[in-house]
Structure formats: C-alpha cells, structure tokens
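With mmCIF, C-alpha atoms inside, this is my_file_1.cif:
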```
data_final
#
loop_
_atom_site.label_atom_id
_atom_site.label_comp_id
_atom_site.auth_asym_id
_atom_site.auth_seq_id
_atom_site.Cartn_x
_atom_site.Cartn_y
_atom_site.Cartn_z
CA MET A 558 105.31 77.70 104.68
CA VAL A 559 105.06 77.99 100.90
CA ILE A 560 102.00 79.62 99.34
CA ALA A 561 101.77 79.15 95.57
CA ILE A 562 99.41 81.35 93.56
CA ASP A 563 98.46 80.50 89.97
CA GLY A 564 96.02 82.08 87.59
CA PRO A 565 95.58 83.73 84.20
CA ALA A 566 97.18 86.96 83.06
CA GLY A 567 95.61 90.07 84.58
CA ALA A 568 93.95 88.29 87.51
CA GLY A 569 95.97 90.36 90.01
CA LYS A 570 98.48 87.67 91.04
CA SER A 571 101.46 90.01 91.29
CA THR A 572 99.66 92.66 93.32
CA VAL A 573 98.07 90.14 95.68
CA THR A 574 101.25 88.11 96.12
CA ARG A 575 103.41 91.15 96.82
CA LEU A 576 100.98 92.47 99.46
CA LEU A 577 100.51 89.03 101.02
CA ALA A 578 104.26 88.52 101.37
CA ARG A 579 104.62 91.97 102.93
CA ARG A 580 101.84 91.27 105.44
CA LEU A 581 103.34 87.91 106.40
CA ASN A 582 106.94 89.21 106.22
CA ILE A 583 108.13 86.35 104.01
CA LEU A 584 109.85 86.01 100.62
CA TYR A 585 107.94 87.22 97.56
CA LEU A 586 108.77 85.46 94.31
CA ASP A 587 107.24 86.86 91.11
CA THR A 588 108.12 84.19 88.54
CA GLY A 589 106.49 86.17 85.73
CA ALA A 590 108.91 89.03 86.36
CA MET A 591 111.79 86.65 85.65
CA TYR A 592 110.36 85.76 82.23
CA ARG A 593 109.71 89.43 81.53
CA ALA A 594 113.25 90.40 82.53
CA ALA A 595 114.68 87.74 80.24
CA THR A 596 112.43 88.93 77.39
CA ALA A 597 113.39 92.59 77.82
CA ALA A 598 117.07 91.67 77.85
CA LEU A 599 116.56 89.52 74.78
CA ILE A 600 115.08 92.48 72.89
CA ASP A 601 117.80 94.87 74.08
CA ALA A 602 120.54 92.43 73.02
CA GLY A 603 119.17 92.20 69.50
CA ILE A 604 118.93 88.40 69.55
CA ASP A 605 117.08 86.92 66.56
CA ARG A 606 113.61 86.37 68.01
CA GLU A 607 112.78 83.83 65.31
CA ASP A 608 115.66 81.57 66.41
CA PRO A 609 114.61 79.47 69.46
CA VAL A 610 118.10 77.99 69.82
CA ALA A 611 119.70 81.44 70.04
CA ILE A 612 117.02 82.55 72.49
CA ALA A 613 117.61 79.50 74.69
CA ARG A 614 121.39 80.01 74.58
CA PHE A 615 121.06 83.67 75.58
CA VAL A 616 118.51 83.17 78.40
CA SER A 617 120.25 80.10 79.84
CA ALA A 618 123.41 82.18 80.31
CA ARG A 619 121.59 84.82 82.36
CA HIS A 620 121.46 84.94 86.18
CA ILE A 621 118.06 86.24 87.28
CA ASP A 622 117.10 86.88 90.91
CA PHE A 623 115.57 89.61 93.14
CA ASP A 624 116.87 92.31 95.47
CA ASP A 625 115.70 92.70 99.07
CA HIS A 626 112.73 94.79 97.92
CA GLY A 627 111.47 92.19 95.46
CA VAL A 628 112.74 93.98 92.32
CA VAL A 629 113.93 91.55 89.65
CA ARG A 630 117.60 91.62 88.65
CA LEU A 631 119.26 90.30 85.51
CA ASP A 632 122.98 89.60 85.88
CA GLY A 633 122.97 91.87 88.94
CA ARG A 634 121.24 94.77 87.14
CA LEU A 635 117.84 95.98 88.35
CA MET A 636 115.14 95.77 85.69
CA PRO A 637 112.69 98.71 85.93
CA LYS A 638 109.03 97.78 86.22
CA GLU A 639 108.03 100.01 83.31
CA ARG A 640 110.53 98.17 81.09
CA ILE A 641 109.56 94.59 81.90
CA ARG A 642 105.84 95.39 81.82
CA SER A 643 105.90 97.40 78.63
CA ALA A 644 103.59 96.46 75.76
CA GLN A 645 106.61 95.34 73.71
CA THR A 646 107.81 92.95 76.43
CA THR A 647 104.29 91.59 76.94
CA ALA A 648 103.92 90.92 73.21
CA GLU A 649 107.21 89.00 73.02
CA ILE A 650 107.26 87.12 76.34
CA TRP A 651 105.87 83.96 74.74
CA ARG A 652 109.19 83.47 72.97
CA VAL A 653 110.81 82.80 76.35
CA ALA A 654 107.83 81.24 78.16
CA ASN A 655 107.18 78.69 75.39
CA ASN A 656 110.85 77.76 74.95
CA PRO A 657 111.55 74.47 76.82
CA ARG A 658 115.21 75.22 77.52
CA CYS A 659 114.43 78.75 78.78
CA ARG A 660 111.69 77.42 81.00
CA GLU A 661 113.90 74.66 82.38
CA HIS A 662 116.59 77.21 83.27
CA LEU A 663 114.17 79.62 84.97
CA VAL A 664 112.21 76.95 86.85
CA LYS A 665 115.49 75.61 88.27
CA ALA A 666 116.40 79.13 89.45
CA GLN A 667 112.95 79.61 90.98
CA LYS A 668 113.10 76.35 92.91
CA GLU A 669 116.53 77.30 94.26
CA LEU A 670 115.22 80.68 95.45
CA VAL A 671 112.33 79.06 97.36
CA ALA A 672 114.18 76.05 98.79
CA GLY A 673 114.12 75.98 102.60
CA ARG A 674 112.34 79.36 102.97
CA ASP A 675 108.91 80.69 103.83
CA ALA A 676 107.65 82.18 100.58
CA VAL A 677 104.74 83.36 98.49
CA VAL A 678 105.25 82.32 94.87
CA GLU A 679 103.16 83.49 91.92
CA GLY A 680 103.12 82.43 88.32
CA ARG A 681 101.10 80.53 85.76
CA ASP A 682 102.70 77.22 86.81
CA ALA A 683 103.52 78.00 90.43
CA THR A 684 101.22 75.32 91.84
CA THR A 685 101.95 72.60 89.28
CA VAL A 686 105.64 72.91 88.36
CA ILE A 687 107.57 75.30 90.62
CA CYS A 688 106.00 74.39 93.98
CA PRO A 689 103.99 71.18 93.53
CA ASP A 690 104.40 70.43 97.26
CA ALA A 691 103.29 73.87 98.51
CA GLN A 692 101.19 73.75 101.69
CA LEU A 693 98.69 76.15 100.12
CA LYS A 694 97.83 76.43 96.44
CA VAL A 695 95.48 79.12 95.17
CA PHE A 696 94.18 79.59 91.64
CA LEU A 697 93.36 83.31 91.52
CA ASP A 698 90.96 84.13 88.72
CA ALA A 699 88.85 86.99 87.39
CA SER A 700 86.44 87.10 84.48
CA PRO A 701 87.85 88.31 81.14
CA GLU A 702 85.59 91.38 81.40
CA GLU A 703 86.91 92.24 84.87
CA ARG A 704 90.52 91.74 83.80
CA ALA A 705 89.93 93.91 80.72
CA ARG A 706 88.53 96.73 82.85
CA ARG A 707 91.53 96.54 85.19
CA ARG A 708 93.99 96.55 82.30
CA LEU A 709 92.32 99.54 80.62
CA SER A 710 92.25 101.50 83.90
CA GLU A 711 96.07 101.29 83.95
CA TRP A 712 96.57 102.01 80.23
CA PRO A 713 99.31 104.61 79.52
CA ALA A 714 97.82 108.00 78.71
CA ASP A 715 100.21 108.59 75.80
CA THR A 716 99.16 105.51 73.79
CA VAL A 717 95.98 104.56 71.94
CA LYS A 718 93.62 102.66 74.25
CA PRO A 719 91.75 99.69 72.76
CA SER A 720 88.04 99.23 73.36
CA LEU A 721 86.72 97.00 76.12
CA GLU A 722 85.56 94.46 73.53
CA GLU A 723 88.99 94.38 71.89
CA MET A 724 90.71 93.90 75.23
CA VAL A 725 88.33 91.08 76.23
CA ARG A 726 89.01 89.34 72.93
CA THR A 727 92.78 89.69 73.42
CA ILE A 728 92.55 88.27 76.95
CA ARG A 729 90.45 85.29 75.84
CA GLU A 730 92.95 84.53 73.07
CA ARG A 731 95.86 84.70 75.50
CA ASP A 732 94.06 82.43 77.99
CA SER A 733 93.46 79.89 75.24
CA GLY A 734 97.11 79.98 74.21
CA ASP A 735 98.33 79.67 77.82
CA MET A 736 96.13 76.63 78.45
CA LYS A 737 97.06 74.85 75.21
CA ARG A 738 100.81 75.47 75.10
CA GLU A 739 103.04 72.40 75.36
CA VAL A 740 105.45 73.86 77.93
CA GLY A 741 104.11 74.98 81.34
CA PRO A 742 100.42 75.23 80.39
CA LEU A 743 98.01 77.12 82.64
CA THR A 744 96.31 74.42 84.74
CA LEU A 745 94.07 74.34 87.79
CA ALA A 746 95.81 71.93 90.18
CA ASP A 747 93.55 69.32 91.79
CA ASP A 748 94.44 70.48 95.30
CA ALA A 749 94.29 74.23 94.62
CA ILE A 750 91.64 76.55 96.07
CA TYR A 751 89.77 78.39 93.31
CA LEU A 752 89.29 82.08 94.19
CA LEU A 753 87.31 84.36 91.86
CA SER A 754 88.21 87.97 92.64
CA ASP A 755 85.34 89.70 90.77
CA GLY A 756 83.67 92.15 93.16
CA LEU A 757 86.29 91.66 95.92
CA LEU A 758 88.53 94.34 97.35
CA LEU A 759 92.28 93.71 97.18
CA SER A 760 92.46 93.58 100.98
CA ASP A 761 89.59 91.06 100.99
CA VAL A 762 91.49 88.73 98.63
CA VAL A 763 94.66 88.99 100.74
CA ALA A 764 92.69 88.29 103.93
CA ARG A 765 91.07 85.20 102.42
CA ILE A 766 94.39 83.75 101.28
CA THR A 767 95.94 84.53 104.68
CA ALA A 768 93.10 82.70 106.42
CA TYR A 769 93.53 79.66 104.18
CA ALA A 770 97.26 79.69 104.98
CA VAL A 771 96.65 79.89 108.74
CA GLN A 772 94.26 76.95 108.50
CA ARG A 773 97.19 74.90 107.22
CA GLN A 774 99.83 76.43 109.51
CA PRO A 775 98.07 77.72 112.67
CA PHE A 776 101.20 79.47 114.00
CA LEU A 777 101.92 81.41 110.80
CA LEU A 778 100.57 84.75 112.03
CA GLU A 779 101.99 84.66 115.55
CA LYS A 780 105.35 86.21 114.66
CA VAL A 781 103.58 88.82 112.50
CA VAL A 782 101.53 90.08 115.47
CA ALA A 783 104.29 89.70 118.08
CA ASP A 784 104.03 93.41 118.93
CA GLN A 785 100.36 92.93 119.83
CA LEU A 786 100.15 89.42 121.23
CA VAL A 787 102.02 86.94 123.40
CA VAL A 788 100.99 83.31 122.85
CA GLY A 789 101.62 80.60 125.43
CA ARG A 790 100.99 76.87 125.13
CA SER A 791 99.65 75.39 128.35
CA ARG A 792 100.86 71.95 127.30
CA GLN A 793 104.36 73.28 127.91
CA ALA A 794 105.78 73.23 131.42
CA GLY A 795 105.29 76.34 133.55
CA TYR A 796 102.94 79.32 133.49
CA VAL A 797 102.15 82.05 131.03
CA THR A 798 103.40 85.39 132.37
CA VAL A 799 100.67 88.01 132.16
CA ALA A 800 102.21 90.72 134.36
CA HIS A 801 105.21 91.32 136.60
CA GLY A 802 105.20 92.49 140.23
CA GLY A 803 102.46 92.49 142.83
CA ASP A 804 100.91 95.93 142.38
CA GLY A 805 97.24 96.15 141.49
CA SER A 806 94.49 93.57 141.47
CA TRP A 807 93.29 91.31 138.69
CA MET A 808 89.82 90.38 137.53
CA LEU A 809 88.96 86.89 136.33
CA GLY A 810 85.86 85.74 134.54
CA LEU A 811 84.18 83.70 131.82
CA THR A 812 82.67 85.18 128.67
CA ASN A 813 79.81 83.94 126.54
CA PRO A 814 79.23 85.36 123.05
CA ASP A 815 78.33 89.04 123.18
CA PRO A 816 75.63 90.17 120.69
CA GLU A 817 78.19 92.60 119.23
CA ARG A 818 80.96 90.02 119.11
CA MET A 819 79.44 87.20 117.08
CA PRO A 820 80.00 86.29 113.39
CA GLY A 821 78.51 89.03 111.25
CA THR A 822 77.79 91.46 114.10
CA THR A 823 81.21 92.93 114.90
CA ARG A 824 81.55 96.51 113.61
CA SER A 825 84.28 97.87 115.90
CA LEU A 826 87.52 96.99 117.66
CA THR A 827 88.72 97.76 121.17
CA ARG A 828 92.07 98.60 122.70
CA ASN A 829 93.01 98.63 126.36
CA HIS A 830 95.14 101.14 128.24
CA GLY A 831 96.78 100.35 131.55
CA GLY A 832 97.58 96.66 131.36
CA ARG A 833 97.46 93.33 129.63
CA GLN A 834 94.46 91.13 129.02
CA ALA A 835 94.75 87.34 128.76
CA GLY A 836 92.26 84.76 127.55
CA THR A 837 91.92 81.10 126.68
CA LEU A 838 89.29 79.06 124.84
CA LEU A 839 87.39 76.60 127.04
CA GLN A 840 84.58 75.48 124.77
CA GLY A 841 83.36 76.10 121.22
CA ALA A 842 85.08 78.21 118.55
CA ALA A 843 86.41 81.77 118.57
CA ILE A 844 88.80 83.95 116.59
CA LEU A 845 91.02 86.76 117.82
CA CYS A 846 91.14 89.79 115.49
CA LEU A 847 94.01 92.29 115.67
CA ALA A 848 94.58 95.59 113.85
CA GLY A 849 97.87 97.00 115.09
CA THR A 850 98.88 99.56 117.69
CA HIS A 851 98.39 102.70 115.59
CA GLU A 852 96.18 105.59 116.63
CA HIS A 853 93.37 104.00 114.61
CA PRO A 854 92.80 100.36 113.59
CA HIS A 855 94.99 99.31 110.65
CA HIS A 856 94.66 96.22 108.43
CA VAL A 857 92.76 93.47 110.22
CA VAL A 858 94.32 90.04 110.71
CA ALA A 859 92.74 87.18 112.62
CA LEU A 860 93.76 83.83 114.02
CA PRO A 861 91.62 81.04 115.44
CA MET A 862 91.91 80.57 119.19
CA LEU A 863 93.29 77.08 119.84
CA PRO A 864 92.61 74.86 122.88
CA GLN A 865 95.27 74.71 125.61
CA THR A 866 96.61 78.10 124.52
CA TRP A 867 96.71 81.47 126.29
CA TYR A 868 96.48 84.68 124.28
CA VAL A 869 97.93 87.71 126.07
CA ILE A 870 96.89 90.98 124.40
CA GLU A 871 99.35 93.83 124.76
CA PRO A 872 98.15 97.28 125.89
CA GLY A 873 97.25 99.51 122.96
CA ALA A 874 96.53 96.69 120.49
CA TRP A 875 93.25 97.02 118.62
CA HIS A 876 91.41 93.72 118.99
CA ALA A 877 88.12 91.84 119.15
CA VAL A 878 87.24 88.27 120.07
CA ILE A 879 84.43 86.84 117.94
CA GLN A 880 82.68 83.81 119.44
CA VAL A 881 80.09 81.48 117.96
CA PRO A 882 77.03 80.58 120.09
CA GLY A 883 77.88 78.12 122.85
CA THR A 884 81.51 79.27 123.12
CA ILE A 885 83.06 79.98 126.53
CA CYS A 886 86.38 81.77 127.06
CA ALA A 887 88.19 82.49 130.33
CA TRP A 888 89.71 85.96 130.71
CA SER A 889 91.89 87.82 133.18
CA GLU A 890 92.82 91.47 133.10
CA ALA A 891 94.21 94.21 135.30
CA SER A 892 91.43 95.93 137.21
CA GLY A 893 92.66 99.39 136.21
CA ILE A 894 92.30 98.85 132.46
CA ARG A 895 90.59 101.61 130.46
CA GLU A 896 88.84 100.56 127.25
CA GLU A 897 88.64 102.51 124.00
CA ARG A 898 86.55 101.55 120.97
CA ALA A 899 86.78 102.50 117.26
CA ALA A 900 84.46 101.74 114.35
CA LEU A 901 85.80 99.79 111.38
CA SER A 902 85.87 101.11 107.81
CA PRO A 903 84.15 99.24 104.96
CA GLU A 904 87.53 97.88 103.82
CA GLN A 905 88.36 96.66 107.34
CA LEU A 906 84.92 95.06 107.65
CA ALA A 907 85.56 93.22 104.38
CA GLU A 908 88.87 91.93 105.75
CA LEU A 909 87.20 90.84 108.97
CA SER A 910 84.38 89.16 107.06
CA ALA A 911 86.89 87.17 104.99
CA TYR A 912 88.45 85.67 108.12
CA VAL A 913 85.06 84.94 109.69
CA ASP A 914 83.77 83.24 106.54
CA ILE A 915 86.74 80.86 106.47
CA TYR A 916 87.41 80.26 110.19
CA LEU A 917 83.79 80.21 111.35
CA PRO A 918 81.71 79.01 108.38
CA LYS A 919 77.95 78.93 108.85
#
```

Can the structure in the file be given as structure tokens, please?
Amino acid sequence: MVIAIDGPAGAGKSTVTRLLARRLNILYLDTGAMYRAATAALIDAGIDREDPVAIARFVSARHIDFDDHGVVRLDGRLMPKERIRSAQTTAEIWRVANNPRCREHLVKAQKELVAGRDAVVEGRDATTVICPDAQLKVFLDASPEERARRRLSEWPADTVKPSLEEMVRTIRERDSGDMKREVGPLTLADDAIYLLSDGLLLSDVVARITAYAVQRQPFLLEKVVADQLVVGRSRQAGYVTVAHGGDGSWMLGLTNPDPERMPGTTRSLTRNHGGRQAGTLLQGAAILCLAGTHEHPHHVVALPMLPQTWYVIEPGAWHAVIQVPGTICAWSEASGIREERAALSPEQLAELSAYVDIYLPK
C-alpha cells in the first residue's frame, strides 16, 4: 500500500504524513527533507550557488536516506531538523529542486526507498513523479492565509517576524513559482483526492486519509488493531475461534441500529470485561470503531464491516459499532461480560466523524 501526498508548501504535508505513517506502522518518506538536506550540505560545503553544474555534481555524489526514526541522513550523517528547515535553507532550496540533474538523482533514490514496501510518501511531486502508481493519492491544501498563520505561529522568537500580509504574499509567490517551474512542477493529479485542511484538526485530516486508504485496501488496518481485534473470513475453511474451553454460557442475538449507535449520534465508546464479543454483518452497512486498550479511549480508528467476515473484539478494547438504518448484525458474547462506557472528547468525535463521513456517506 503506497499513499502519496502532494500539496503546496506549508499545507502540513510533513506533519500529516509522519503521523499517518506512525498510525499505520509503515514507512514514512519525506521527499522534501531530502532536498533540504542536500541544500544545507551545499551551503556548508561552500559550493558556488550560481553554478548549476557544480551544484548537480555535488548533489549527485551524495547518498541521502533516512534512519529508523524517519530522520534524514546525508552520507550517513543525521541532518538536524532545525538545520534543514532554517530560513537560509528554505531560501536556497530552489537551487536543488529546480536543477534537473539533482532532481533526477533524488527521485531515483526516492523510488528505490519505496520499492516493494508499504509507505506514505510526501512531496510536491509525490503523486505525479515519485509514485504515479500509488493506490491512494491526496493533494493536501490550505488557503494562503491559513498557511501564513501556521507559519507565523512557529516563527523563531529571536528573529523579526513578518506581518501576515507579507507572509501571504510570500506564499502566493512561492506557489506560483512551484506551479510554473519546468522541473517537477506542483500539479494536482487527475486521480488525486483534493483535501482542504482549513478548519480541520490534525487528527481529523489523518483520519480522513486513513479512511480513504482503507477504502482502497480494506485489510490495511487489521494488523494495526491486532491487539484489539481478531478478524476471520468465513469463506475460508473452518470456524472462527471466539473462546477456548467449555466453561460459561454464551448469548447470541441480532442487533438493529441503536439510536445511540447510528451515523452522527455516537458520543461514547464501550469496552467489555470478562470475555470476547464476536459479530458479523448480515445486511446493510456498518463500521467498527476502535480506540485502544488504554484506561481511556485513545485515537479512534474505524474499519467497515465486510460480508462473510467475523470480527472478534478482545476484552478491554474500546469500541462501538455504528449501523445505518436497515442494518442487521449477528453477535455472540460471553454471558458474564461487564460493560463500561466512556464519553469521547471533541478531537475523538472529529476523528470518528471523518470515518463516518467517508464510509457511510449520507
């Protein structure tokens, strides 16, 4: 599964991509960090920045990759975030990004890093050049005013801060340059999902992209929630094991949509103590929401319940099943189960709403 995220500077690509990769436990590739690392090294080496041939020669000889924590390395040396994201590096990065030979060298390295792996890739040509065959392409955008506000909120305290109007003007000029440049221009791919992040929480954006990814690869989340859920396919031979031994009785039943467990009405999650609970979708559409096994619900993830599939919820996992009208699910659970309920925070409700909007559109 390759998720490619494009978008203009300051739209939040790096932050979103890093968090998304962490949630899905897959490779995170920040292509912009590679250009920044090359630019910082170029400055430190004293290469003539007016000589594109010298720049290309220098950058093409560099080996740039990432450590296990996603920190960019240049020739095996870690490049500190404050160095590659400094104002000086930002002002000079175009000398590498607009150089055809530099770009050819770095794109080749990026494709090699992604080849044969699950990955989230971000960059201003991730969907069009680096990963044109990605299963999911997202163009993450934000208005120039929103991006200016974000940039100013992170402005170093020891330097002169420009006005909002000046920052908006700078961002518009950079967007124009990125879209018009001859090498790797910023482009909205025909098959990319356009996502405007104005007014959205970070967790909301991550949840939306996760939901889009699961729509394309329904089994993507199953290994992520393996501590909370056992999934069995009834089309496979044999039975799904819900419990071991013969002690205790089990309750079986069908569920119709509960008024508190329908799209837009769910405000809390439940966890069971004392045994497993297993369910399958018989008719309609439903999603299973999970929020970890912590003392309180954590980040919410959700997956659509598929036909001919059993979902076995582990004891202690915060969960909710949201069903649209007309949906019927079959459930079994140990008769001695004790149920506990917890209200969701505004951020968790936003995450939940993102999944519902995409999986169960009105």

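By only C-alpha atoms, and with residues fewer than 4 positions from Gly831 in chain A along its chain excluded, the set lying at most 7 Å from it is Pro872, Gly893, Ile894 and Arg895 of chain A.
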
Write a file of the just-selected residues containing C-alpha atoms, as an mmCIF file, in the coordinates of the input.
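The resulting file, again_32.cif, is reproduced below:
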```cif
data_model
loop_
_atom_site.group_PDB
_atom_site.id
_atom_site.type_symbol
_atom_site.label_atom_id
_atom_site.label_comp_id
_atom_site.auth_asym_id
_atom_site.auth_seq_id
_atom_site.Cartn_x
_atom_site.Cartn_y
_atom_site.Cartn_z
ATOM 1 C CA PRO A 872 98.150 97.280 125.890
ATOM 2 C CA GLY A 893 92.660 99.390 136.210
ATOM 3 C CA ILE A 894 92.300 98.850 132.460
ATOM 4 C CA ARG A 895 90.590 101.610 130.460
#
```

Check your understanding: Exactly which residues make up the result of the PyMOL selection byres ((chain A and resi 668-673) around 9) on this file, given as a list in words?
Key -> Val559, Leu584, Leu586, Asp622, Leu663, Val664, Lys665, Ala666, Gln667, Arg674, Asp675, Ala676, Val677, Val678, Ile687 and Cys688 of chain A

For this structure, which residues satisfy the selection - the PyMOL selection byres ((chain A and resi 725) around 8) - when it is evaluated on the file as given? I want them as a PDB file with C-alpha atoms, keeping the file's coordinate frame.
```
ATOM      1  CA  PRO A 701      87.850  88.310  81.140  1.00  0.00           C
ATOM      2  CA  GLU A 702      85.590  91.380  81.400  1.00  0.00           C
ATOM      3  CA  ARG A 704      90.520  91.740  83.800  1.00  0.00           C
ATOM      4  CA  ALA A 705      89.930  93.910  80.720  1.00  0.00           C
ATOM      5  CA  LEU A 721      86.720  97.000  76.120  1.00  0.00           C
ATOM      6  CA  GLU A 722      85.560  94.460  73.530  1.00  0.00           C
ATOM      7  CA  GLU A 723      88.990  94.380  71.890  1.00  0.00           C
ATOM      8  CA  MET A 724      90.710  93.900  75.230  1.00  0.00           C
ATOM      9  CA  ARG A 726      89.010  89.340  72.930  1.00  0.00           C
ATOM     10  CA  THR A 727      92.780  89.690  73.420  1.00  0.00           C
ATOM     11  CA  ILE A 728      92.550  88.270  76.950  1.00  0.00           C
ATOM     12  CA  ARG A 729      90.450  85.290  75.840  1.00  0.00           C
TER      13      ARG A 729
END
```

Review point. Which residues match the PyMOL selection byres ((chain A and resi 811) around 8) in the file above, as number ranges by chain?
Key: A: 809-810, 812-813, 885-888

Check your understanding: Distance CA of Pro816 in chain A-CA of Gln840 in chain A, one decimal place?
Key -> 17.7 Å

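Among the candidate residues A:Gln905, A:Thr716, A:Thr850, A:Ser806, the one lying nearest to Ser889 in chain A is A:Ser806, with distances computed using all atoms listed in the file.
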
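Among the candidate residues A:Ala899, A:Ile879, A:Ala848, A:Ile621, the one lying nearest to Gln785 in chain A is A:Ala848, with distances computed using only C-alpha atoms.
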
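What separates CA of Leu909 in chain A from CA of Ile766 in chain A is a distance of 12.7 Å.
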
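All protein, DNA and RNA residues at most 8 Å from (95.6, 95.1, 129.9) are Asn829, His830, Gly831, Gly832, Arg833, Gln834, Ala835, Ile870, Glu871, Pro872, Glu890, Ala891 and Ile894 of chain A, using all atoms listed in the file.
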
Practice item. Would you list the contacts of Asp735 in chain A as a VMD selection string, taking every protein, DNA or RNA residue within 10 Å and counting all atoms listed in the file, but skipping same-chain residues closer than 3 positions in sequence? Key: chain A and resid 565 to 566 651 654 to 655 681 729 to 732 738 to 744

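Using only C-alpha atoms, the nearest neighbour of Ala578 in chain A within the list A:Ile600, A:Met558, A:Met591, A:Val787 is A:Met558.
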